[in-house]
file data_28.pdb (PDB, C-alpha atoms, pLDDT in the B column)
ATOM      1  CA  MET A1226      40.592 114.935  88.027  1.00 94.00           C
ATOM      2  CA  ILE A1227      41.388 113.329  91.336  1.00 97.00           C
ATOM      3  CA  ARG A1228      42.968 109.932  91.862  1.00 98.00           C
ATOM      4  CA  VAL A1229      43.938 108.224  95.095  1.00 98.00           C
ATOM      5  CA  GLN A1230      45.936 105.081  94.385  1.00 98.00           C
ATOM      6  CA  SER A1231      48.320 102.563  95.898  1.00 98.00           C
ATOM      7  CA  ASP A1232      50.146 102.019  92.597  1.00 98.00           C
ATOM      8  CA  PRO A1233      53.291 104.059  91.921  1.00 98.00           C
ATOM      9  CA  ILE A1234      52.721 107.437  90.276  1.00 98.00           C
ATOM     10  CA  ASP A1235      54.390 107.872  86.884  1.00 97.00           C
ATOM     11  CA  ALA A1236      54.597 111.667  87.050  1.00 97.00           C
ATOM     12  CA  GLY A1237      55.769 112.066  83.470  1.00 97.00           C
ATOM     13  CA  ALA A1238      52.970 109.932  82.052  1.00 97.00           C
ATOM     14  CA  MET A1239      50.320 111.581  84.252  1.00 97.00           C
ATOM     15  CA  LEU A1240      51.434 115.065  83.229  1.00 97.00           C
ATOM     16  CA  ASP A1241      51.574 114.079  79.580  1.00 97.00           C
ATOM     17  CA  GLY A1242      48.040 112.706  79.750  1.00 97.00           C
ATOM     18  CA  PHE A1243      46.869 115.862  81.475  1.00 98.00           C
ATOM     19  CA  GLN A1244      48.179 118.340  78.933  1.00 97.00           C
ATOM     20  CA  SER A1245      48.608 116.523  75.623  1.00 96.00           C
ATOM     21  CA  GLY A1246      46.224 117.503  72.881  1.00 96.00           C
ATOM     22  CA  ARG A1247      45.019 120.602  74.697  1.00 95.00           C
ATOM     23  CA  THR A1248      45.073 123.801  72.707  1.00 97.00           C
ATOM     24  CA  ASP A1249      43.106 125.882  75.224  1.00 96.00           C
ATOM     25  CA  ILE A1250      45.757 125.738  77.956  1.00 98.00           C
ATOM     26  CA  GLY A1251      48.580 128.256  78.016  1.00 98.00           C
ATOM     27  CA  ALA A1252      50.221 127.289  81.303  1.00 98.00           C
ATOM     28  CA  VAL A1253      50.608 124.142  83.370  1.00 98.00           C
ATOM     29  CA  VAL A1254      52.314 124.135  86.772  1.00 98.00           C
ATOM     30  CA  CYS A1255      52.990 120.675  88.143  1.00 98.00           C
ATOM     31  CA  PHE A1256      54.227 119.929  91.650  1.00 98.00           C
ATOM     32  CA  THR A1257      55.475 116.485  92.618  1.00 98.00           C
ATOM     33  CA  GLY A1258      56.163 115.523  96.228  1.00 98.00           C
ATOM     34  CA  LEU A1259      58.712 112.779  96.864  1.00 97.00           C
ATOM     35  CA  VAL A1260      59.559 110.620  99.871  1.00 97.00           C
ATOM     36  CA  ARG A1261      62.825 111.787 101.459  1.00 95.00           C
ATOM     37  CA  ASP A1262      65.282 109.451 103.159  1.00 94.00           C
ATOM     38  CA  ALA A1263      65.645 111.723 106.183  1.00 90.00           C
ATOM     39  CA  SER A1264      63.185 113.614 108.369  1.00 86.00           C
ATOM     40  CA  GLY A1265      64.074 115.760 111.355  1.00 82.00           C
ATOM     41  CA  GLY A1266      67.481 114.126 111.540  1.00 83.00           C
ATOM     42  CA  ALA A1267      66.053 110.595 111.522  1.00 86.00           C
ATOM     43  CA  HIS A1268      66.695 108.117 108.736  1.00 92.00           C
ATOM     44  CA  VAL A1269      63.597 107.042 106.813  1.00 93.00           C
ATOM     45  CA  SER A1270      63.473 103.714 105.002  1.00 96.00           C
ATOM     46  CA  THR A1271      59.688 103.418 104.569  1.00 97.00           C
ATOM     47  CA  LEU A1272      56.768 105.826 104.564  1.00 97.00           C
ATOM     48  CA  GLU A1273      53.301 104.371 105.032  1.00 97.00           C
ATOM     49  CA  LEU A1274      50.196 106.425 104.298  1.00 97.00           C
ATOM     50  CA  ASP A1275      46.842 105.572 105.809  1.00 96.00           C
ATOM     51  CA  HIS A1276      43.747 107.035 104.139  1.00 98.00           C
ATOM     52  CA  TYR A1277      39.961 106.998 104.449  1.00 98.00           C
ATOM     53  CA  PRO A1278      38.525 105.602 101.199  1.00 97.00           C
ATOM     54  CA  GLY A1279      35.768 107.804  99.837  1.00 97.00           C
ATOM     55  CA  PHE A1280      36.235 110.574 102.364  1.00 98.00           C
ATOM     56  CA  THR A1281      39.808 111.228 101.239  1.00 98.00           C
ATOM     57  CA  GLU A1282      38.655 111.714  97.638  1.00 98.00           C
ATOM     58  CA  LYS A1283      35.814 113.936  98.844  1.00 97.00           C
ATOM     59  CA  MET A1284      38.116 116.212 100.848  1.00 97.00           C
ATOM     60  CA  ILE A1285      40.571 116.497  97.952  1.00 98.00           C
ATOM     61  CA  ALA A1286      37.642 117.395  95.682  1.00 98.00           C
ATOM     62  CA  GLY A1287      36.897 120.204  98.147  1.00 97.00           C
ATOM     63  CA  VAL A1288      40.467 121.482  97.698  1.00 97.00           C
ATOM     64  CA  GLU A1289      40.032 121.426  93.920  1.00 98.00           C
ATOM     65  CA  ASP A1290      36.694 123.249  94.185  1.00 98.00           C
ATOM     66  CA  GLU A1291      38.206 125.979  96.325  1.00 97.00           C
ATOM     67  CA  ALA A1292      41.154 126.375  93.944  1.00 98.00           C
ATOM     68  CA  ARG A1293      38.767 126.746  91.006  1.00 98.00           C
ATOM     69  CA  LYS A1294      36.846 129.449  92.880  1.00 98.00           C
ATOM     70  CA  ARG A1295      39.996 131.364  93.775  1.00 98.00           C
ATOM     71  CA  PHE A1296      41.850 131.142  90.482  1.00 98.00           C
ATOM     72  CA  ASP A1297      41.034 131.164  86.797  1.00 98.00           C
ATOM     73  CA  LEU A1298      41.710 127.503  86.040  1.00 98.00           C
ATOM     74  CA  ILE A1299      40.996 125.373  83.021  1.00 98.00           C
ATOM     75  CA  ASP A1300      41.822 122.014  84.597  1.00 98.00           C
ATOM     76  CA  VAL A1301      43.212 120.395  87.736  1.00 98.00           C
ATOM     77  CA  LEU A1302      44.925 117.044  88.322  1.00 98.00           C
ATOM     78  CA  ILE A1303      45.646 115.705  91.797  1.00 98.00           C
ATOM     79  CA  VAL A1304      47.067 112.185  92.154  1.00 98.00           C
ATOM     80  CA  HIS A1305      47.898 111.001  95.663  1.00 98.00           C
ATOM     81  CA  ARG A1306      49.321 107.709  96.818  1.00 98.00           C
ATOM     82  CA  TYR A1307      48.568 105.636  99.871  1.00 98.00           C
ATOM     83  CA  GLY A1308      50.210 102.515 101.257  1.00 98.00           C
ATOM     84  CA  ARG A1309      53.917 101.816 101.617  1.00 98.00           C
ATOM     85  CA  MET A1310      56.544 103.849  99.798  1.00 98.00           C
ATOM     86  CA  ALA A1311      60.311 104.030  99.691  1.00 97.00           C
ATOM     87  CA  PRO A1312      62.492 107.148  99.501  1.00 97.00           C
ATOM     88  CA  GLY A1313      62.512 108.636  96.025  1.00 97.00           C
ATOM     89  CA  GLU A1314      58.976 107.544  95.189  1.00 98.00           C
ATOM     90  CA  THR A1315      56.325 110.096  94.288  1.00 98.00           C
ATOM     91  CA  ILE A1316      53.680 110.664  96.996  1.00 98.00           C
ATOM     92  CA  VAL A1317      51.658 113.334  95.252  1.00 98.00           C
ATOM     93  CA  LEU A1318      51.311 115.027  91.903  1.00 98.00           C
ATOM     94  CA  CYS A1319      49.364 118.266  91.765  1.00 98.00           C
ATOM     95  CA  ALA A1320      48.930 120.112  88.472  1.00 98.00           C
ATOM     96  CA  ALA A1321      47.020 123.261  87.603  1.00 98.00           C
ATOM     97  CA  ALA A1322      46.257 124.425  84.085  1.00 98.00           C
ATOM     98  CA  SER A1323      45.238 127.922  83.115  1.00 98.00           C
ATOM     99  CA  ALA A1324      45.374 130.314  80.200  1.00 98.00           C
ATOM    100  CA  HIS A1325      48.180 132.334  81.774  1.00 97.00           C
ATOM    101  CA  ARG A1326      50.914 131.314  84.187  1.00 98.00           C
ATOM    102  CA  ARG A1327      50.059 133.266  87.363  1.00 98.00           C
ATOM    103  CA  ASP A1328      46.822 131.410  88.108  1.00 98.00           C
ATOM    104  CA  ALA A1329      48.521 128.052  87.539  1.00 98.00           C
ATOM    105  CA  PHE A1330      51.453 128.884  89.828  1.00 98.00           C
ATOM    106  CA  GLN A1331      49.230 130.200  92.595  1.00 98.00           C
ATOM    107  CA  ALA A1332      46.692 127.392  92.330  1.00 98.00           C
ATOM    108  CA  ALA A1333      49.370 124.684  92.588  1.00 98.00           C
ATOM    109  CA  ASP A1334      50.840 126.449  95.631  1.00 98.00           C
ATOM    110  CA  PHE A1335      47.399 126.838  97.241  1.00 98.00           C
ATOM    111  CA  MET A1336      46.343 123.240  96.597  1.00 98.00           C
ATOM    112  CA  MET A1337      49.541 121.821  98.089  1.00 97.00           C
ATOM    113  CA  ASP A1338      49.164 123.991 101.201  1.00 96.00           C
ATOM    114  CA  ALA A1339      45.571 122.790 101.559  1.00 97.00           C
ATOM    115  CA  LEU A1340      46.471 119.117 101.019  1.00 96.00           C
ATOM    116  CA  LYS A1341      49.147 119.325 103.726  1.00 94.00           C
ATOM    117  CA  THR A1342      46.613 120.022 106.471  1.00 92.00           C
ATOM    118  CA  ASP A1343      43.189 119.117 105.028  1.00 94.00           C
ATOM    119  CA  ALA A1344      43.648 115.892 103.064  1.00 97.00           C
ATOM    120  CA  PRO A1345      42.791 112.785 105.099  1.00 98.00           C
ATOM    121  CA  PHE A1346      46.124 110.969 105.010  1.00 98.00           C
ATOM    122  CA  TRP A1347      48.178 109.840 107.965  1.00 97.00           C
ATOM    123  CA  LYS A1348      51.897 109.239 107.558  1.00 96.00           C
ATOM    124  CA  LYS A1349      54.041 106.837 109.476  1.00 96.00           C
ATOM    125  CA  GLU A1350      57.788 106.935 108.960  1.00 95.00           C
ATOM    126  CA  SER A1351      59.946 103.900 109.666  1.00 96.00           C
ATOM    127  CA  GLY A1352      63.703 103.719 109.834  1.00 93.00           C
ATOM    128  CA  ALA A1353      66.644 102.621 111.903  1.00 90.00           C
ATOM    129  CA  ASP A1354      65.373 104.780 114.799  1.00 86.00           C
ATOM    130  CA  GLY A1355      61.981 103.058 114.883  1.00 92.00           C
ATOM    131  CA  GLU A1356      58.661 104.359 113.615  1.00 93.00           C
ATOM    132  CA  ARG A1357      56.641 107.473 114.241  1.00 93.00           C
ATOM    133  CA  TRP A1358      53.463 109.182 113.050  1.00 94.00           C
ATOM    134  CA  ILE A1359      53.990 112.495 111.274  1.00 91.00           C
ATOM    135  CA  GLU A1360      51.752 115.486 111.910  1.00 88.00           C
ATOM    136  CA  PRO A1361      51.625 118.810 110.071  1.00 87.00           C
ATOM    137  CA  ARG A1362      54.390 121.181 111.171  1.00 88.00           C
ATOM    138  CA  ASP A1363      53.721 124.702 112.420  1.00 90.00           C
ATOM    139  CA  GLN A1364      55.014 125.871 109.040  1.00 93.00           C
ATOM    140  CA  ASP A1365      52.325 123.812 107.287  1.00 91.00           C
ATOM    141  CA  HIS A1366      49.582 125.456 109.360  1.00 91.00           C
ATOM    142  CA  ALA A1367      51.101 128.896 108.715  1.00 93.00           C
ATOM    143  CA  ASP A1368      51.213 128.163 104.970  1.00 93.00           C
ATOM    144  CA  ARG A1369      47.542 127.153 105.046  1.00 93.00           C
ATOM    145  CA  ALA A1370      46.573 130.216 107.106  1.00 93.00           C
ATOM    146  CA  ARG A1371      48.052 132.735 104.672  1.00 92.00           C
ATOM    147  CA  TRP A1372      45.395 131.734 102.119  1.00 92.00           C
ATOM    148  CA  ARG A1373      42.626 132.247 104.676  1.00 87.00           C
ATOM    149  CA  ALA A1374      44.009 135.744 105.317  1.00 80.00           C
ATOM    150  CA  SER A1375      43.922 136.501 101.609  1.00 71.00           C
ATOM    151  CA  ARG A1376      40.331 135.460 101.069  1.00 59.00           C
TER
ATOM    152  CA  MET B 153      24.979  98.967 114.313  1.00 88.00           C
ATOM    153  CA  THR B 154      27.567 101.708 114.070  1.00 93.00           C
ATOM    154  CA  ARG B 155      30.934 101.267 112.415  1.00 97.00           C
ATOM    155  CA  ILE B 156      33.688 103.137 114.233  1.00 97.00           C
ATOM    156  CA  LEU B 157      36.900 103.897 112.323  1.00 98.00           C
ATOM    157  CA  TYR B 158      40.271 104.847 113.790  1.00 98.00           C
ATOM    158  CA  PHE B 159      42.972 106.443 111.658  1.00 98.00           C
ATOM    159  CA  GLY B 160      46.680 107.105 112.049  1.00 97.00           C
ATOM    160  CA  LYS B 161      47.962 107.054 115.592  1.00 96.00           C
ATOM    161  CA  LEU B 162      44.405 106.511 116.876  1.00 97.00           C
ATOM    162  CA  ARG B 163      44.416 103.134 115.135  1.00 97.00           C
ATOM    163  CA  ASP B 164      47.457 102.255 117.229  1.00 95.00           C
ATOM    164  CA  ALA B 165      45.777 103.658 120.366  1.00 96.00           C
ATOM    165  CA  ALA B 166      42.615 101.642 119.723  1.00 96.00           C
ATOM    166  CA  GLY B 167      44.585  98.547 118.737  1.00 96.00           C
ATOM    167  CA  ARG B 168      42.419  98.144 115.639  1.00 96.00           C
ATOM    168  CA  ALA B 169      41.352 100.020 112.522  1.00 97.00           C
ATOM    169  CA  SER B 170      37.627  99.642 113.076  1.00 97.00           C
ATOM    170  CA  GLN B 171      34.946  98.134 115.238  1.00 96.00           C
ATOM    171  CA  ASP B 172      31.242  97.512 114.910  1.00 96.00           C
ATOM    172  CA  ALA B 173      29.385  98.715 117.952  1.00 93.00           C
ATOM    173  CA  ALA B 174      25.814  99.032 119.124  1.00 92.00           C
ATOM    174  CA  PRO B 175      25.780 101.996 121.493  1.00 92.00           C
ATOM    175  CA  PRO B 176      22.716 102.255 123.759  1.00 92.00           C
ATOM    176  CA  SER B 177      20.026 104.617 122.544  1.00 89.00           C
ATOM    177  CA  ASP B 178      20.905 107.296 125.102  1.00 92.00           C
ATOM    178  CA  ILE B 179      24.302 107.813 123.454  1.00 94.00           C
ATOM    179  CA  ALA B 180      23.337 110.850 121.378  1.00 95.00           C
ATOM    180  CA  THR B 181      26.496 112.865 120.782  1.00 96.00           C
ATOM    181  CA  VAL B 182      30.124 112.388 119.749  1.00 96.00           C
ATOM    182  CA  GLY B 183      31.270 113.187 123.279  1.00 96.00           C
ATOM    183  CA  GLN B 184      28.926 110.591 124.762  1.00 96.00           C
ATOM    184  CA  LEU B 185      30.119 108.013 122.247  1.00 96.00           C
ATOM    185  CA  ILE B 186      33.745 108.664 123.243  1.00 96.00           C
ATOM    186  CA  ALA B 187      32.851 108.227 126.909  1.00 95.00           C
ATOM    187  CA  TRP B 188      30.996 105.007 126.093  1.00 95.00           C
ATOM    188  CA  ILE B 189      33.824 103.587 123.944  1.00 93.00           C
ATOM    189  CA  GLY B 190      36.349 104.548 126.594  1.00 91.00           C
ATOM    190  CA  ALA B 191      34.430 103.276 129.617  1.00 92.00           C
ATOM    191  CA  ASP B 192      37.024 100.551 130.133  1.00 88.00           C
ATOM    192  CA  ARG B 193      39.767 102.294 128.109  1.00 93.00           C
ATOM    193  CA  PRO B 194      40.424 105.711 129.694  1.00 94.00           C
ATOM    194  CA  ASP B 195      43.630 106.034 127.644  1.00 95.00           C
ATOM    195  CA  LEU B 196      41.622 105.632 124.430  1.00 96.00           C
ATOM    196  CA  ALA B 197      38.921 108.056 125.595  1.00 96.00           C
ATOM    197  CA  ASP B 198      41.671 110.575 126.332  1.00 96.00           C
ATOM    198  CA  ALA B 199      43.260 110.079 122.896  1.00 97.00           C
ATOM    199  CA  LEU B 200      39.890 110.462 121.120  1.00 97.00           C
ATOM    200  CA  SER B 201      39.025 113.594 123.134  1.00 95.00           C
ATOM    201  CA  GLN B 202      42.085 115.588 122.095  1.00 95.00           C
ATOM    202  CA  PRO B 203      41.095 118.917 120.502  1.00 94.00           C
ATOM    203  CA  SER B 204      43.253 118.093 117.464  1.00 94.00           C
ATOM    204  CA  VAL B 205      41.118 115.022 116.677  1.00 96.00           C
ATOM    205  CA  ARG B 206      38.518 115.600 113.978  1.00 96.00           C
ATOM    206  CA  VAL B 207      35.424 113.433 113.820  1.00 97.00           C
ATOM    207  CA  ALA B 208      33.474 112.564 110.684  1.00 97.00           C
ATOM    208  CA  ILE B 209      29.900 111.342 110.925  1.00 97.00           C
ATOM    209  CA  ASP B 210      28.895 109.459 107.792  1.00 97.00           C
ATOM    210  CA  GLN B 211      31.799 111.188 106.023  1.00 97.00           C
ATOM    211  CA  GLU B 212      30.809 114.715 107.104  1.00 95.00           C
ATOM    212  CA  ILE B 213      33.090 116.614 109.497  1.00 95.00           C
ATOM    213  CA  ALA B 214      31.359 116.971 112.863  1.00 95.00           C
ATOM    214  CA  ALA B 215      31.315 120.339 114.612  1.00 91.00           C
ATOM    215  CA  GLY B 216      32.586 119.049 117.954  1.00 88.00           C
ATOM    216  CA  PRO B 217      31.810 116.823 120.916  1.00 91.00           C
ATOM    217  CA  ASP B 218      28.205 118.041 121.021  1.00 91.00           C
ATOM    218  CA  ALA B 219      27.549 117.001 117.424  1.00 94.00           C
ATOM    219  CA  PRO B 220      24.539 114.653 117.296  1.00 93.00           C
ATOM    220  CA  LEU B 221      25.089 111.099 116.097  1.00 93.00           C
ATOM    221  CA  ALA B 222      21.527 110.952 114.768  1.00 87.00           C
ATOM    222  CA  GLY B 223      21.583 107.296 113.808  1.00 84.00           C
ATOM    223  CA  ALA B 224      24.899 107.535 111.990  1.00 91.00           C
ATOM    224  CA  GLY B 225      26.211 104.393 110.328  1.00 94.00           C
ATOM    225  CA  GLU B 226      29.885 105.357 110.356  1.00 97.00           C
ATOM    226  CA  ILE B 227      31.890 107.459 112.802  1.00 97.00           C
ATOM    227  CA  ALA B 228      35.541 108.190 112.045  1.00 98.00           C
ATOM    228  CA  PHE B 229      38.125 109.491 114.488  1.00 98.00           C
ATOM    229  CA  MET B 230      40.942 111.309 112.721  1.00 98.00           C
ATOM    230  CA  PRO B 231      44.140 112.738 114.192  1.00 97.00           C
ATOM    231  CA  PRO B 232      45.724 115.727 112.400  1.00 96.00           C
ATOM    232  CA  MET B 233      45.780 115.068 108.669  1.00 95.00           C
ATOM    233  CA  SER B 234      49.025 115.145 106.767  1.00 92.00           C
ATOM    234  CA  GLY B 235      48.738 114.901 103.006  1.00 92.00           C
ATOM    235  CA  GLY B 236      51.108 115.962 100.286  1.00 90.00           C
TER
END

call {"tool": "encode", "arguments": {"input": "data_28.pdb", "output": "structure tokens"}}
result
Amino acid sequence: MIRVQSDPIDAGAMLDGFQSGRTDIGAVVCFTGLVRDASGGAHVSTLELDHYPGFTEKMIAGVEDEARKRFDLIDVLIVHRYGRMAPGETIVLCAAASAHRRDAFQAADFMMDALKTDAPFWKKESGADGERWIEPRDQDHADRARWRASR
Amino acid sequence: MTRILYFGKLRDAAGRASQDAAPPSDIATVGQLIAWIGADRPDLADALSQPSVRVAIDQEIAAGPDAPLAGAGEIAFMPPMSGG
């Protein structure tokens, strides 16, 4: 399931809803990404995410589809926020469920790498030093590329 | 009428998030649309022409500046994406 929302993400409740009552799942790996109060030495007081309604969901669905092709998954949950956030708030929750742990670990890792460079969000950090748009780092592109190499 | 969307830093460059435009019928490709939009805004044309900018035509990623507009209703200009 994919959700793109402006409301805060309650990671515990989302994860509970994802896995409770399931007897077919043996492993769930859940990643949560949080807003940090510092970035590249600059203080961050607010992070604002721009998105493209409809297209953002579609591109994230493409990430889920690719993960399901690559790994033996039973279910996937990706919840991503947009709008204004403060340090400590959850930006993204990405969970993968499988029968055994390896597929869940790898799928969560793959999906986060793909979201970093392929999900239509644009981040603007604001703080005491002013505001600036954030773009994927070289490391993010390298992380994404290692999955292409392993295809 | 074509709706043109600007995201991230391109929204700042354009000074707005979107505009409704009626390009002349001889504007057939993404590259031609950028030149037309930027006729009186060379700074914006330059920002939209950067190789890192991805373009979506009716919510499908376009191949490049030669991609045909083909009567598209919505064209989005997107700087490098940064999710997660």

call {"tool": "residues_around", "arguments": {"input": "data_28.pdb", "residues": "B:Ala166", "least_positions_apart": "5", "cutoff": "10 Å", "atoms": "only C-alpha atoms", "output": "ChimeraX atom specification"}}
result
/B:157-159,161,171,189-190,193,195-197,199-200

call {"tool": "interface_residues", "arguments": {"input": "data_28.pdb", "of": "chain A", "to": "chain B", "cutoff": "8 Å", "atoms": "only C-alpha atoms", "output": "list in words"}}
result
Gly1258, Asp1275, His1276, Tyr1277, Phe1280, His1305, Ile1316, Val1317, Met1337, Leu1340, Lys1341, Thr1342, Asp1343, Ala1344, Pro1345, Phe1346, Trp1347, Lys1348, Lys1349, Trp1358, Ile1359, Glu1360 and Pro1361 of chain A

call {"tool": "residues_around", "arguments": {"input": "data_28.pdb", "residues": "B:Ile179", "least_positions_apart": "5", "cutoff": "8 Å", "atoms": "all atoms listed in the file", "output": "list in words"}}
result
Gln184, Leu185 and Trp188 of chain B

call {"tool": "closest_residue", "arguments": {"input": "data_28.pdb", "among": "A:Ala1311, A:Ile1227, A:Ala1267, A:Ala1322", "to": "A:Ser1245", "atoms": "all atoms listed in the file"}}
result
A:Ala1322

call {"tool": "resolve_selection", "arguments": {"input": "data_28.pdb", "expression": "the PyMOL selection byres ((chain A and resi 1231-1236) around 10)", "output": "ChimeraX atom specification"}}
result
/A:1228-1230,1237-1242,1255-1257,1274,1304-1310,1314-1319

call {"tool": "resolve_selection", "arguments": {"input": "data_28.pdb", "expression": "the PyMOL selection byres ((chain A and resi 1329) around 12)", "output": "PyMOL selection string"}}
result
chain A and resi 1250-1256+1292-1293+1295-1302+1319-1328+1330-1336

call {"tool": "write_last_selection", "arguments": {"input": "data_28.pdb", "atoms": "C-alpha atoms", "output": "mmCIF file, keeping the file's coordinate frame"}}
result
data_model
loop_
_atom_site.group_PDB
_atom_site.id
_atom_site.type_symbol
_atom_site.label_atom_id
_atom_site.label_comp_id
_atom_site.auth_asym_id
_atom_site.auth_seq_id
_atom_site.Cartn_x
_atom_site.Cartn_y
_atom_site.Cartn_z
ATOM 1 C CA ILE A 1250 45.757 125.738 77.956
ATOM 2 C CA GLY A 1251 48.580 128.256 78.016
ATOM 3 C CA ALA A 1252 50.221 127.289 81.303
ATOM 4 C CA VAL A 1253 50.608 124.142 83.370
ATOM 5 C CA VAL A 1254 52.314 124.135 86.772
ATOM 6 C CA CYS A 1255 52.990 120.675 88.143
ATOM 7 C CA PHE A 1256 54.227 119.929 91.650
ATOM 8 C CA ALA A 1292 41.154 126.375 93.944
ATOM 9 C CA ARG A 1293 38.767 126.746 91.006
ATOM 10 C CA ARG A 1295 39.996 131.364 93.775
ATOM 11 C CA PHE A 1296 41.850 131.142 90.482
ATOM 12 C CA ASP A 1297 41.034 131.164 86.797
ATOM 13 C CA LEU A 1298 41.710 127.503 86.040
ATOM 14 C CA ILE A 1299 40.996 125.373 83.021
ATOM 15 C CA ASP A 1300 41.822 122.014 84.597
ATOM 16 C CA VAL A 1301 43.212 120.395 87.736
ATOM 17 C CA LEU A 1302 44.925 117.044 88.322
ATOM 18 C CA CYS A 1319 49.364 118.266 91.765
ATOM 19 C CA ALA A 1320 48.930 120.112 88.472
ATOM 20 C CA ALA A 1321 47.020 123.261 87.603
ATOM 21 C CA ALA A 1322 46.257 124.425 84.085
ATOM 22 C CA SER A 1323 45.238 127.922 83.115
ATOM 23 C CA ALA A 1324 45.374 130.314 80.200
ATOM 24 C CA HIS A 1325 48.180 132.334 81.774
ATOM 25 C CA ARG A 1326 50.914 131.314 84.187
ATOM 26 C CA ARG A 1327 50.059 133.266 87.363
ATOM 27 C CA ASP A 1328 46.822 131.410 88.108
ATOM 28 C CA PHE A 1330 51.453 128.884 89.828
ATOM 29 C CA GLN A 1331 49.230 130.200 92.595
ATOM 30 C CA ALA A 1332 46.692 127.392 92.330
ATOM 31 C CA ALA A 1333 49.370 124.684 92.588
ATOM 32 C CA ASP A 1334 50.840 126.449 95.631
ATOM 33 C CA PHE A 1335 47.399 126.838 97.241
ATOM 34 C CA MET A 1336 46.343 123.240 96.597
#

call {"tool": "closest_residue", "arguments": {"input": "data_28.pdb", "among": "B:Ile209, B:Val182, B:Leu162, B:Asp198", "to": "B:Ala224", "atoms": "only C-alpha atoms"}}
result
B:Ile209

call {"tool": "residues_around", "arguments": {"input": "data_28.pdb", "residues": "B:Ala215", "least_positions_apart": "6", "cutoff": "12 Å", "atoms": "only C-alpha atoms", "output": "number ranges by chain"}}
result
B: 181-183, 203, 205-209, 221

call {"tool": "resolve_selection", "arguments": {"input": "data_28.pdb", "expression": "the PyMOL selection byres ((chain A and resi 1350-1354) around 6)", "output": "PyMOL selection string"}}
result
chain A and resi 1268-1272+1349+1355-1357

call {"tool": "atom_distance", "arguments": {"input": "data_28.pdb", "atom1": "atom CA of A:Gly1266", "atom2": "atom CA of A:Ala1367"}}
result
22.2 Å

call {"tool": "residues_around", "arguments": {"input": "data_28.pdb", "residues": "B:Asp172", "least_positions_apart": "5", "cutoff": "7 Å", "atoms": "only C-alpha atoms", "output": "list in words"}}
result
Met153, Thr154, Arg155 and Ile156 of chain B

call {"tool": "axis_aligned_box", "arguments": {"input": "data_28.pdb", "around": "stretch 1286-1304 of chain A", "padding_each_side": "4 Å", "output": "lines of an AutoDock Vina configuration file"}}
result
center_x = 41.9
center_y = 121.8
center_z = 90.6
size_x = 18.4
size_y = 27.2
size_z = 23.1
